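Content type TSV, C-alpha atoms, from the file data.tsv:
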chain	number	residue	atom	x	y	z
E	64	MET	CA	26.19	64.60	-7.61
E	65	ALA	CA	28.80	62.34	-9.23
E	66	TYR	CA	29.25	62.71	-12.95
E	67	ALA	CA	27.77	59.66	-14.73
E	68	HIS	CA	29.53	58.36	-17.79
E	69	GLY	CA	29.36	54.73	-18.95
E	70	ILE	CA	27.41	51.72	-17.70
E	71	SER	CA	26.29	51.02	-14.17
E	72	LEU	CA	24.63	47.87	-12.88
E	73	ILE	CA	21.99	47.94	-10.17
E	74	GLU	CA	20.71	44.68	-8.73
E	75	GLN	CA	17.10	44.56	-7.62
E	76	SER	CA	15.52	41.71	-5.72
E	77	THR	CA	12.92	39.71	-7.58
E	78	ALA	CA	9.41	40.80	-6.69
E	79	LEU	CA	8.14	37.37	-5.67
E	80	THR	CA	5.80	36.63	-2.81
E	81	VAL	CA	7.45	34.67	0.00
E	82	MET	CA	4.97	31.90	0.72
E	83	THR	CA	3.59	31.76	4.25
E	84	THR	CA	2.62	28.23	5.19
E	85	ALA	CA	-0.68	27.49	6.89
E	86	GLU	CA	-0.43	27.16	10.68
E	87	SER	CA	-3.05	24.61	11.63
E	88	PRO	CA	-3.47	23.66	15.31
E	89	CYS	CA	-5.64	20.75	16.35
E	90	VAL	CA	-9.18	21.73	17.34
E	91	ALA	CA	-10.78	19.83	20.25
E	92	ILE	CA	-14.50	20.00	21.00
E	93	GLY	CA	-15.74	18.69	24.33
E	94	THR	CA	-16.44	19.31	27.99
E	95	ALA	CA	-14.59	21.00	30.85
E	96	SER	CA	-15.38	21.90	34.44
E	97	LYS	CA	-15.35	25.64	33.78
E	98	GLY	CA	-14.56	28.26	31.17
E	99	THR	CA	-16.10	30.11	28.26
E	100	THR	CA	-18.43	28.11	26.03
E	101	SER	CA	-19.02	27.98	22.27
E	102	THR	CA	-15.89	30.03	21.63
E	103	PRO	CA	-12.55	28.88	20.18
E	104	VAL	CA	-9.79	29.43	22.74
E	105	LEU	CA	-6.11	29.09	21.80
E	106	ILE	CA	-4.10	27.43	24.57
E	107	GLN	CA	-0.30	27.04	24.67
E	108	SER	CA	0.39	25.09	27.87
E	109	MET	CA	-1.06	22.91	30.61
E	110	ASP	CA	-0.97	25.78	33.09
E	111	GLU	CA	-2.86	27.99	30.67
E	112	PHE	CA	-5.45	25.26	30.14
E	113	GLU	CA	-5.99	24.78	33.88
E	114	SER	CA	-6.45	28.51	34.32
E	115	ALA	CA	-8.99	28.72	31.49
E	116	PHE	CA	-10.87	25.42	31.85
E	117	GLY	CA	-9.85	23.84	35.16
E	118	PHE	CA	-8.48	20.34	35.75
E	119	THR	CA	-10.23	17.66	37.79
E	120	GLY	CA	-8.49	14.54	36.45
E	121	ASP	CA	-11.81	13.07	35.32
E	122	PHE	CA	-11.24	12.61	31.59
E	123	ASP	CA	-14.65	11.01	31.01
E	124	ALA	CA	-16.62	13.89	32.49
E	125	ASN	CA	-14.28	16.58	31.17
E	126	THR	CA	-13.03	15.38	27.81
E	127	LEU	CA	-10.98	18.47	27.01
E	128	GLU	CA	-8.75	17.59	29.97
E	129	GLU	CA	-7.75	14.38	28.18
E	130	VAL	CA	-6.74	16.40	25.13
E	131	ALA	CA	-4.79	18.98	27.10
E	132	PHE	CA	-2.91	16.39	29.16
E	133	CYS	CA	-2.15	14.30	26.08
E	134	PHE	CA	-0.90	17.18	23.94
E	135	PHE	CA	0.91	19.31	26.51
E	136	THR	CA	2.22	16.66	28.90
E	137	LEU	CA	2.59	13.39	26.99
E	138	TYR	CA	3.56	14.69	23.54
E	139	ASN	CA	4.75	18.22	24.36
E	140	VAL	CA	3.11	19.76	21.28
E	141	ARG	CA	1.28	23.06	21.11
E	142	PRO	CA	-0.91	25.00	20.58
E	143	VAL	CA	-4.39	23.50	20.71
E	144	ILE	CA	-7.69	25.26	20.07
E	145	PHE	CA	-10.41	24.23	22.54
E	146	ILE	CA	-14.16	24.66	22.12
E	147	ARG	CA	-16.03	23.94	25.35
E	148	VAL	CA	-19.59	22.64	25.39
E	149	ALA	CA	-21.58	22.97	28.62
E	150	PRO	CA	-24.79	21.19	29.66
E	151	ALA	CA	-28.04	23.02	29.10
E	152	THR	CA	-29.56	24.67	32.13
E	153	GLY	CA	-30.87	22.01	34.50
E	154	ALA	CA	-29.19	19.09	32.74
E	155	THR	CA	-26.31	17.08	34.16
E	156	THR	CA	-24.79	15.89	30.85
E	157	VAL	CA	-23.91	17.26	27.42
E	158	THR	CA	-25.85	15.77	24.51
E	159	ASN	CA	-24.49	14.63	21.16
E	160	ALA	CA	-26.69	17.25	19.53
E	161	GLN	CA	-24.89	19.96	21.52
E	162	ILE	CA	-21.52	18.64	20.38
E	163	ILE	CA	-22.68	18.64	16.77
E	164	SER	CA	-23.97	22.18	17.16
E	165	ALA	CA	-20.62	23.29	18.61
E	166	ILE	CA	-18.79	21.99	15.53
E	167	ALA	CA	-20.17	25.03	13.70
E	168	VAL	CA	-17.99	27.22	15.96
E	169	VAL	CA	-14.99	25.99	13.93
E	170	GLU	CA	-16.09	28.64	11.40
E	171	GLU	CA	-15.00	31.34	13.88
E	172	ILE	CA	-11.40	30.14	14.25
E	173	TYR	CA	-9.82	31.91	11.29
E	174	PRO	CA	-11.73	35.20	11.76
E	175	ARG	CA	-10.83	35.26	15.46
E	176	LEU	CA	-7.34	33.73	15.55
E	177	SER	CA	-6.03	33.98	11.98
E	178	MET	CA	-5.29	30.26	12.07
E	179	VAL	CA	-6.51	27.50	9.80
E	180	PRO	CA	-8.19	24.69	11.78
E	181	GLY	CA	-6.10	21.54	11.68
E	182	ASN	CA	-7.32	18.13	12.82
E	183	LEU	CA	-10.81	18.17	14.35
E	184	ILE	CA	-11.42	15.86	17.31
E	185	ALA	CA	-14.16	15.30	19.86
E	186	PRO	CA	-12.96	12.41	22.05
E	187	LYS	CA	-15.69	10.22	23.53
E	188	TYR	CA	-18.39	11.96	21.50
E	189	SER	CA	-16.87	11.11	18.11
E	190	ALA	CA	-17.49	7.44	18.91
E	191	VAL	CA	-21.10	8.30	18.06
E	192	PRO	CA	-21.33	7.97	14.25
E	193	GLU	CA	-23.40	11.12	13.81
E	194	VAL	CA	-20.74	13.18	15.57
E	195	ALA	CA	-17.89	11.63	13.56
E	196	LEU	CA	-19.67	12.34	10.30
E	197	ALA	CA	-20.46	15.92	11.39
E	198	LEU	CA	-16.74	16.47	12.08
E	199	ALA	CA	-15.88	15.13	8.61
E	200	ALA	CA	-18.53	17.31	6.98
E	201	LYS	CA	-17.10	20.41	8.63
E	202	ALA	CA	-13.55	19.38	7.70
E	203	LYS	CA	-14.53	19.47	4.02
E	204	ASN	CA	-15.53	23.12	4.06
E	205	ILE	CA	-14.44	25.77	6.54
E	206	ASN	CA	-15.22	29.40	5.76
E	207	GLY	CA	-15.90	28.36	2.19
E	208	ILE	CA	-12.10	28.24	1.67
E	209	PHE	CA	-10.19	25.92	3.98
E	210	LYS	CA	-10.14	22.17	4.56
E	211	SER	CA	-9.11	20.18	7.61
E	212	PHE	CA	-9.26	16.55	8.73
E	213	ALA	CA	-11.33	14.70	11.33
E	214	VAL	CA	-10.04	11.97	13.64
E	215	ALA	CA	-12.72	9.90	15.38
E	216	ASP	CA	-13.21	6.62	17.22
E	217	ILE	CA	-15.14	3.41	16.81
E	218	SER	CA	-16.59	2.00	20.02
E	219	LEU	CA	-18.48	-1.26	19.71
E	220	PRO	CA	-21.57	-1.77	21.87
E	221	THR	CA	-20.95	-4.21	24.72
E	222	ASN	CA	-24.34	-5.78	24.17
E	223	LEU	CA	-24.80	-6.19	20.44
E	224	LEU	CA	-28.55	-6.79	20.74
E	225	SER	CA	-29.16	-3.87	23.06
E	226	GLU	CA	-32.75	-2.68	23.19
E	227	GLU	CA	-31.54	0.91	23.11
E	228	ASN	CA	-30.12	0.59	19.61
E	229	PRO	CA	-31.54	-2.47	17.84
E	230	THR	CA	-31.44	-1.10	14.30
E	231	ALA	CA	-28.07	0.55	13.83
E	232	ASP	CA	-26.22	-2.56	14.92
E	233	ARG	CA	-28.26	-5.07	12.92
E	234	ALA	CA	-25.37	-6.01	10.61
E	235	ILE	CA	-23.16	-6.68	13.62
E	236	ASP	CA	-25.94	-8.61	15.35
E	237	GLU	CA	-26.35	-10.92	12.37
E	238	LYS	CA	-22.61	-11.49	12.12
E	239	ALA	CA	-22.32	-12.18	15.82
E	240	ILE	CA	-25.20	-14.64	15.72
E	241	ALA	CA	-23.64	-16.43	12.75
E	242	ARG	CA	-20.36	-16.74	14.65
E	243	GLY	CA	-22.19	-18.11	17.66
E	244	ASN	CA	-20.65	-15.71	20.15
E	245	LEU	CA	-23.50	-13.34	20.88
E	246	LEU	CA	-23.48	-12.11	24.47
E	247	THR	CA	-26.81	-11.08	25.91
E	248	ASP	CA	-25.82	-9.72	29.31
E	249	ASP	CA	-23.26	-7.18	30.49
E	250	ALA	CA	-20.25	-9.27	29.50
E	251	ALA	CA	-17.99	-7.49	27.03
E	252	ASN	CA	-17.74	-8.39	23.38
E	253	ASP	CA	-16.46	-4.99	22.32
E	254	ALA	CA	-12.91	-6.35	22.18
E	255	ASP	CA	-13.61	-8.44	19.07
E	256	TYR	CA	-11.76	-6.79	16.19
E	257	THR	CA	-13.70	-8.84	13.62
E	258	LEU	CA	-16.83	-6.78	14.36
E	259	VAL	CA	-15.24	-3.39	13.67
E	260	ASN	CA	-15.65	-3.38	9.89
E	261	ALA	CA	-19.34	-4.26	10.05
E	262	TYR	CA	-19.93	-1.44	12.52
E	263	LYS	CA	-17.97	0.99	10.32
E	264	ASN	CA	-19.93	0.14	7.20
E	265	THR	CA	-23.33	-0.14	8.88
E	266	ASN	CA	-22.92	3.41	10.18
E	267	SER	CA	-21.54	4.80	6.88
E	268	LEU	CA	-18.24	5.80	8.48
E	269	THR	CA	-16.55	6.07	5.09
E	270	ASP	CA	-15.17	9.50	4.28
E	271	GLU	CA	-11.87	10.73	2.86
E	272	TYR	CA	-11.79	13.55	5.43
E	273	LEU	CA	-12.09	11.11	8.32
E	274	ALA	CA	-9.79	8.66	10.11
E	275	GLU	CA	-11.57	6.07	12.24
E	276	CYS	CA	-9.64	4.62	15.19
E	277	TRP	CA	-10.07	1.44	17.27
E	278	PRO	CA	-9.50	0.48	20.10
E	279	ARG	CA	-8.41	2.78	22.98
E	280	VAL	CA	-5.03	2.99	24.71
E	281	ALA	CA	-3.83	3.61	28.25
E	282	LEU	CA	-0.72	4.74	30.07
E	283	GLY	CA	-0.47	4.09	33.78
E	284	ASP	CA	-3.82	4.75	35.40
E	285	LYS	CA	-5.19	6.92	32.58
E	286	SER	CA	-6.94	5.70	29.44
E	287	TYR	CA	-7.25	7.69	26.23
E	288	TRP	CA	-9.43	7.59	23.17
E	289	LEU	CA	-7.14	6.62	20.31
E	290	SER	CA	-8.29	9.66	18.32
E	291	THR	CA	-6.75	11.92	20.99
E	292	GLN	CA	-3.37	10.22	20.89
E	293	ALA	CA	-3.46	9.89	17.08
E	294	ALA	CA	-4.11	13.63	16.69
E	295	ALA	CA	-1.34	14.49	19.16
E	296	LEU	CA	1.04	12.17	17.33
E	297	MET	CA	0.16	13.81	14.01
E	298	ALA	CA	0.90	17.21	15.54
E	299	LEU	CA	4.27	15.94	16.79
E	300	VAL	CA	5.22	14.45	13.42
E	301	ASP	CA	4.14	17.66	11.67
E	302	ALA	CA	6.21	19.77	14.07
E	303	ASN	CA	9.27	17.66	13.29
E	304	HIS	CA	8.79	18.48	9.59
E	305	GLY	CA	8.26	22.21	9.65
E	306	GLN	CA	4.50	21.88	10.24
E	307	ILE	CA	4.09	20.22	6.83
E	308	PRO	CA	1.95	17.06	7.18
E	309	TYR	CA	3.62	14.94	4.52
E	310	GLU	CA	4.78	12.09	6.76
E	311	SER	CA	2.37	9.47	8.03
E	312	PRO	CA	1.81	9.10	11.79
E	313	SER	CA	1.60	5.34	11.32
E	314	ASN	CA	4.27	3.11	12.86
E	315	LYS	CA	5.25	5.85	15.31
E	316	ASN	CA	5.31	5.26	19.07
E	317	LEU	CA	2.28	6.21	21.12
E	318	ARG	CA	2.45	7.28	24.74
E	319	ALA	CA	0.83	4.05	25.89
E	320	ASP	CA	1.60	0.82	27.71
E	321	ARG	CA	-1.49	-1.16	26.69
E	322	SER	CA	-4.52	-1.26	24.44
E	323	LEU	CA	-8.08	-1.74	25.65
E	324	VAL	CA	-11.75	-1.09	24.99
E	325	LYS	CA	-14.40	0.79	26.95
E	326	SER	CA	-15.29	-2.26	29.06
E	327	GLY	CA	-11.68	-2.42	30.21
E	328	ALA	CA	-10.95	-5.64	28.31
E	329	ALA	CA	-7.38	-5.76	26.99
E	330	VAL	CA	-6.73	-5.93	23.26
E	331	TYR	CA	-3.58	-7.57	21.92
E	332	LEU	CA	-3.74	-7.45	18.14
E	333	SER	CA	-1.35	-9.59	16.18
E	334	TYR	CA	0.49	-8.11	13.22
E	335	ALA	CA	-1.84	-10.01	10.87
E	336	ASN	CA	-5.01	-8.86	12.64
E	337	ALA	CA	-3.83	-5.23	12.73
E	338	ASN	CA	-3.33	-5.48	8.97
E	339	VAL	CA	-6.90	-6.76	8.62
E	340	LEU	CA	-8.17	-3.59	10.27
E	341	ASN	CA	-5.88	-1.46	8.11
E	342	SER	CA	-7.26	-3.14	5.00
E	343	GLN	CA	-10.72	-2.05	6.18
E	344	GLY	CA	-9.76	1.61	6.51
E	345	VAL	CA	-9.35	1.54	10.29
E	346	VAL	CA	-6.39	2.97	12.23
E	347	THR	CA	-5.40	0.77	15.13
E	348	THR	CA	-2.52	0.07	17.48
E	349	MET	CA	-0.27	-2.87	18.27
E	350	ASN	CA	2.72	-3.70	20.42
E	351	PHE	CA	5.76	-4.09	18.18
E	352	ASN	CA	8.84	-2.86	20.06
E	353	GLY	CA	6.54	-0.51	21.90
E	354	TRP	CA	2.92	0.46	21.38
E	355	ARG	CA	2.50	2.05	17.98
E	356	LEU	CA	-0.20	3.76	15.98
E	357	TYR	CA	-0.76	1.48	13.01
E	358	GLY	CA	-2.66	2.42	9.87
E	359	ASN	CA	-2.33	4.86	6.98
E	360	ARG	CA	-5.78	4.91	5.48
E	361	THR	CA	-8.64	7.37	5.66
E	362	SER	CA	-12.01	5.77	6.32
E	363	THR	CA	-12.97	6.02	2.64
E	364	TYR	CA	-10.70	3.00	1.99
E	365	PRO	CA	-11.14	0.38	0.55
E	366	THR	CA	-14.20	1.71	-1.31
E	367	ASN	CA	-12.06	4.55	-2.64
E	368	ASP	CA	-8.37	3.79	-3.21
E	369	ASP	CA	-7.42	7.08	-4.89
E	370	PRO	CA	-3.84	7.67	-3.64
E	371	ALA	CA	-4.49	11.40	-3.28
E	372	VAL	CA	-7.19	10.94	-0.64
E	373	SER	CA	-7.15	7.35	0.67
E	374	PHE	CA	-3.95	7.88	2.69
E	375	ILE	CA	-4.09	10.11	5.77
E	376	ALA	CA	-0.81	11.79	4.82
E	377	THR	CA	-1.75	12.53	1.20
E	378	ARG	CA	-5.24	13.78	2.15
E	379	ARG	CA	-3.75	16.10	4.77
E	380	MET	CA	-1.06	17.26	2.31
E	381	ARG	CA	-3.77	18.12	-0.21
E	382	ASN	CA	-5.49	20.17	2.49
E	383	TRP	CA	-2.26	21.89	3.50
E	384	LEU	CA	-1.28	22.76	-0.05
E	385	GLY	CA	-4.70	24.21	-0.86
E	386	ASN	CA	-4.90	26.13	2.43
E	387	THR	CA	-1.42	27.58	1.92
E	388	LEU	CA	-2.28	28.78	-1.57
E	389	ALA	CA	-5.54	30.30	-0.34
E	390	ILE	CA	-3.80	32.22	2.44
E	391	ASN	CA	-1.09	33.59	0.19
E	392	TYR	CA	-3.21	34.56	-2.79
E	393	PHE	CA	-6.26	36.01	-1.11
E	394	SER	CA	-4.40	39.34	-1.17
E	395	ARG	CA	-4.34	39.15	-4.99
E	396	ILE	CA	-8.12	39.08	-5.23
E	397	ASP	CA	-9.37	42.23	-7.04
E	398	SER	CA	-5.95	42.95	-8.54
E	399	PRO	CA	-5.95	43.91	-12.24
E	400	LEU	CA	-6.39	40.76	-14.31
E	401	ASN	CA	-3.48	41.20	-16.68
E	402	ARG	CA	-0.43	39.31	-17.89
E	403	ARG	CA	1.66	40.65	-15.03
E	404	LEU	CA	-0.68	38.98	-12.52
E	405	VAL	CA	-0.62	35.69	-14.44
E	406	ASP	CA	3.17	35.66	-14.63
E	407	ALA	CA	3.60	36.58	-10.98
E	408	ILE	CA	1.38	33.72	-9.81
E	409	LEU	CA	3.03	31.23	-12.18
E	410	ASP	CA	6.54	32.23	-11.10
E	411	GLU	CA	5.82	32.32	-7.39
E	412	VAL	CA	3.91	29.06	-7.18
E	413	ASN	CA	6.41	27.19	-9.37
E	414	LEU	CA	9.21	28.42	-7.12
E	415	PHE	CA	7.23	27.28	-4.07
E	416	LEU	CA	6.52	23.84	-5.54
E	417	ASN	CA	10.14	23.41	-6.62
E	418	GLY	CA	11.23	24.16	-3.08
E	419	LEU	CA	8.84	21.56	-1.66
E	420	THR	CA	10.16	19.04	-4.17
E	421	ALA	CA	13.76	19.78	-3.20
E	422	GLN	CA	12.82	19.17	0.46
E	423	GLY	CA	11.24	15.82	-0.38
E	424	VAL	CA	7.83	17.11	0.67
E	425	LEU	CA	6.55	16.57	-2.88
E	426	LEU	CA	7.70	14.21	-5.59
E	427	GLY	CA	7.12	17.05	-8.03
E	428	GLY	CA	4.77	19.90	-8.82
E	429	ARG	CA	3.96	22.61	-11.32
E	430	ILE	CA	1.30	25.23	-12.04
E	431	ALA	CA	-0.28	26.05	-15.40
E	432	PHE	CA	-2.62	28.73	-16.75
E	433	LEU	CA	-4.36	27.09	-19.69
E	434	GLU	CA	-6.41	28.78	-22.38
E	435	GLU	CA	-8.95	25.94	-22.41
E	436	ASP	CA	-9.66	26.57	-18.72
E	437	ASN	CA	-10.10	30.32	-19.14
E	438	SER	CA	-12.75	31.30	-21.65
E	439	VAL	CA	-13.05	34.86	-22.86
E	440	THR	CA	-16.40	35.04	-21.11
E	441	ASP	CA	-14.87	34.00	-17.78
E	442	LEU	CA	-11.88	36.31	-18.13
E	443	ALA	CA	-14.14	39.22	-19.03
E	444	ASP	CA	-16.09	38.46	-15.86
E	445	GLY	CA	-12.93	38.50	-13.74
E	446	LEU	CA	-12.59	34.72	-13.33
E	447	MET	CA	-9.17	33.02	-13.46
E	448	LYS	CA	-8.35	29.32	-13.13
E	449	PHE	CA	-4.91	27.84	-12.51
E	450	ARG	CA	-4.12	24.12	-12.49
E	451	ILE	CA	-1.80	22.67	-9.89
E	452	TYR	CA	-0.18	19.36	-10.79
E	453	TYR	CA	1.58	17.67	-7.88
E	454	ALA	CA	2.35	14.34	-6.28
E	455	ALA	CA	2.76	13.94	-2.53
E	456	PRO	CA	4.74	10.86	-1.46
E	457	PRO	CA	2.52	8.05	-0.19
E	458	PRO	CA	3.70	6.11	2.86
E	459	ALA	CA	5.83	3.08	2.03
E	460	ARG	CA	3.23	0.76	3.51
E	461	ALA	CA	4.89	-2.48	2.41
E	462	ILE	CA	8.57	-3.34	1.86
E	463	SER	CA	9.47	-6.80	0.57
E	464	PHE	CA	12.79	-8.62	0.67
E	465	VAL	CA	13.21	-11.61	-1.61
E	466	LEU	CA	15.55	-14.19	-0.07
E	467	SER	CA	17.27	-16.50	-2.55
E	468	TYR	CA	19.52	-19.36	-1.62
E	469	ASP	CA	22.48	-19.10	-4.00
E	470	VAL	CA	24.44	-22.37	-4.25
E	471	ASN	CA	27.22	-20.61	-6.15
E	472	TYR	CA	28.55	-19.39	-2.81
E	473	PHE	CA	29.75	-22.92	-2.08
E	474	SER	CA	32.70	-22.02	-4.32
E	475	THR	CA	34.05	-19.96	-1.42
E	476	LEU	CA	34.95	-23.26	0.30
E	477	PHE	CA	37.70	-23.79	-2.24
E	478	SER	CA	39.08	-20.25	-2.42
Using the file provided, produce a representation of the structure as structure tokens.
Amino acid sequence: MAYAHGISLIEQSTALTVMTTAESPCVAIGTASKGTTSTPVLIQSMDEFESAFGFTGDFDANTLEEVAFCFFTLYNVRPVIFIRVAPATGATTVTNAQIISAIAVVEEIYPRLSMVPGNLIAPKYSAVPEVALALAAKAKNINGIFKSFAVADISLPTNLLSEENPTADRAIDEKAIARGNLLTDDAANDADYTLVNAYKNTNSLTDEYLAECWPRVALGDKSYWLSTQAAALMALVDANHGQIPYESPSNKNLRADRSLVKSGAAVYLSYANANVLNSQGVVTTMNFNGWRLYGNRTSTYPTNDDPAVSFIATRRMRNWLGNTLAINYFSRIDSPLNRRLVDAILDEVNLFLNGLTAQGVLLGGRIAFLEEDNSVTDLADGLMKFRIYYAAPPPARAISFVLSYDVNYFSTLFS
């Protein structure tokens, strides 16, 4: 052994937790021609989907096919978690009640796959208000820890005074009668954007964990629920930003060449009319140098204009930040509640938030452990509370240029 005399310096790496970000694939609930039912299945490619669930090309009968084709072929994003619902014995169709029941299977995703559920979608079925609201309710609380986000559709009835549903559409009926354009046969009036807000409010489709989309889109000979393409677009935008959902999907190109409604009637929204829908908390689409998703707001807007939850991007960032903290600090549960634990959490989270700020993901962030939040009684009972202060960047939804005619430039004529 060498003889030690004098000073020696030994560098040791800082004992800080390296934060693991939440991986959150889209979860699609719907129908397929074959495959396991009521079980979350992680799929990475179109070939894998066809092997597990089949592919008939009938998106209406087999709604999971629409999701798979959209994600894997049109947008080239992966993975997706599929939950198949099959008709009850002897039935020919799946009921809305079965879809709602299958939403509970989302609880099994993290225990089975060690993944946090991302956007929840159920194309076709989420056009039923009860299904959309069930998706939003599940998005608020998964496993008692995690949060996700629901993307659903609005589909107006083609006959606003239909005998099958005379009550739910009463507000729309009254508005249609007042406007003098009520149709009483099979002709389509579901392409009238002015009826969307009444339908949204009549059916209580107002939730910060929910984006409501109208109308549908198509590419070639295939039509898609806008919720499917919106969720795929979100996944693509997230993937381009390290899986962090801080950028809005709005004003990004869809894989579409037209917009339409369930009757097949074309929809060509003007810029002004698209903004009307946006002001009502509805995500839509318009053709502006290509067909684009257009709208930043969760369906809680305009009733709730809290910037933390009324924008899709800020609501999803709030989810992501909370989910990431939960994943990383679950391992600290049941550790000794001492100053070392407090300091470790403060140092690690502040370092994490500073890094997000440097990337432009956050405008700023910090963590605090405050005495007023942590009574002696709570601490003695093993309860700790930290406060996270942060600001996620909202989308720049309006940019103005003020044009001024400056007569002083006439002096250049004499230069």
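The residue set within 10 Å of Ser189 in chain E, counting all atoms listed in the file and dropping same-chain residues fewer than 2 places from it, reads E:Ile92, E:Gly93, E:Asn159, E:Ile162, E:Ile163, E:Ile184, E:Ala185, E:Pro186, E:Lys187, E:Val191, E:Pro192, E:Glu193, E:Val194, E:Ala195, E:Leu196, E:Ala197, E:Leu198, E:Ala213, E:Val214, E:Ala215, E:Asp216, E:Ile217, E:Ser218, E:Glu275, E:Trp288, E:Ser290.
Proximity to Asn303 in chain E was assessed for E:Pro103, E:Leu127, E:Asn139, E:Ile208 counting only C-alpha atoms; the smallest distance is recorded for E:Asn139.
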Shortest interatomic distance to Leu273 in chain E - which of E:Ser342, E:Asn316, E:Thr361, E:Thr347, counting only C-alpha atoms: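 Using only C-alpha atoms, Leu273 in chain E sits closest to E:Thr361.
Taking CA of Ser311 in chain E and CA of Leu176 in chain E as endpoints, the distance between them is 27.2 Å.
When all atoms listed in the file are used to compute distances to Val168 in chain E, the closest of the residues E:Ala421, E:Cys133, E:Ile106, E:Ile205 turns out to be E:Ile205.
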Find, counting all atoms listed in the file, the residue in E:Phe118, E:Trp277, E:Phe415, E:Tyr287 that gets nearest to Met349 in chain E.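 The answer is E:Trp277, which sits nearest to Met349 in chain E.
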Quick check, in Å to one decimal: how far apart do CA of Gly98 in chain E and CA of Ala115 in chain E lie?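 Calculated distance between CA of Gly98 in chain E and CA of Ala115 in chain E is 5.6 Å.
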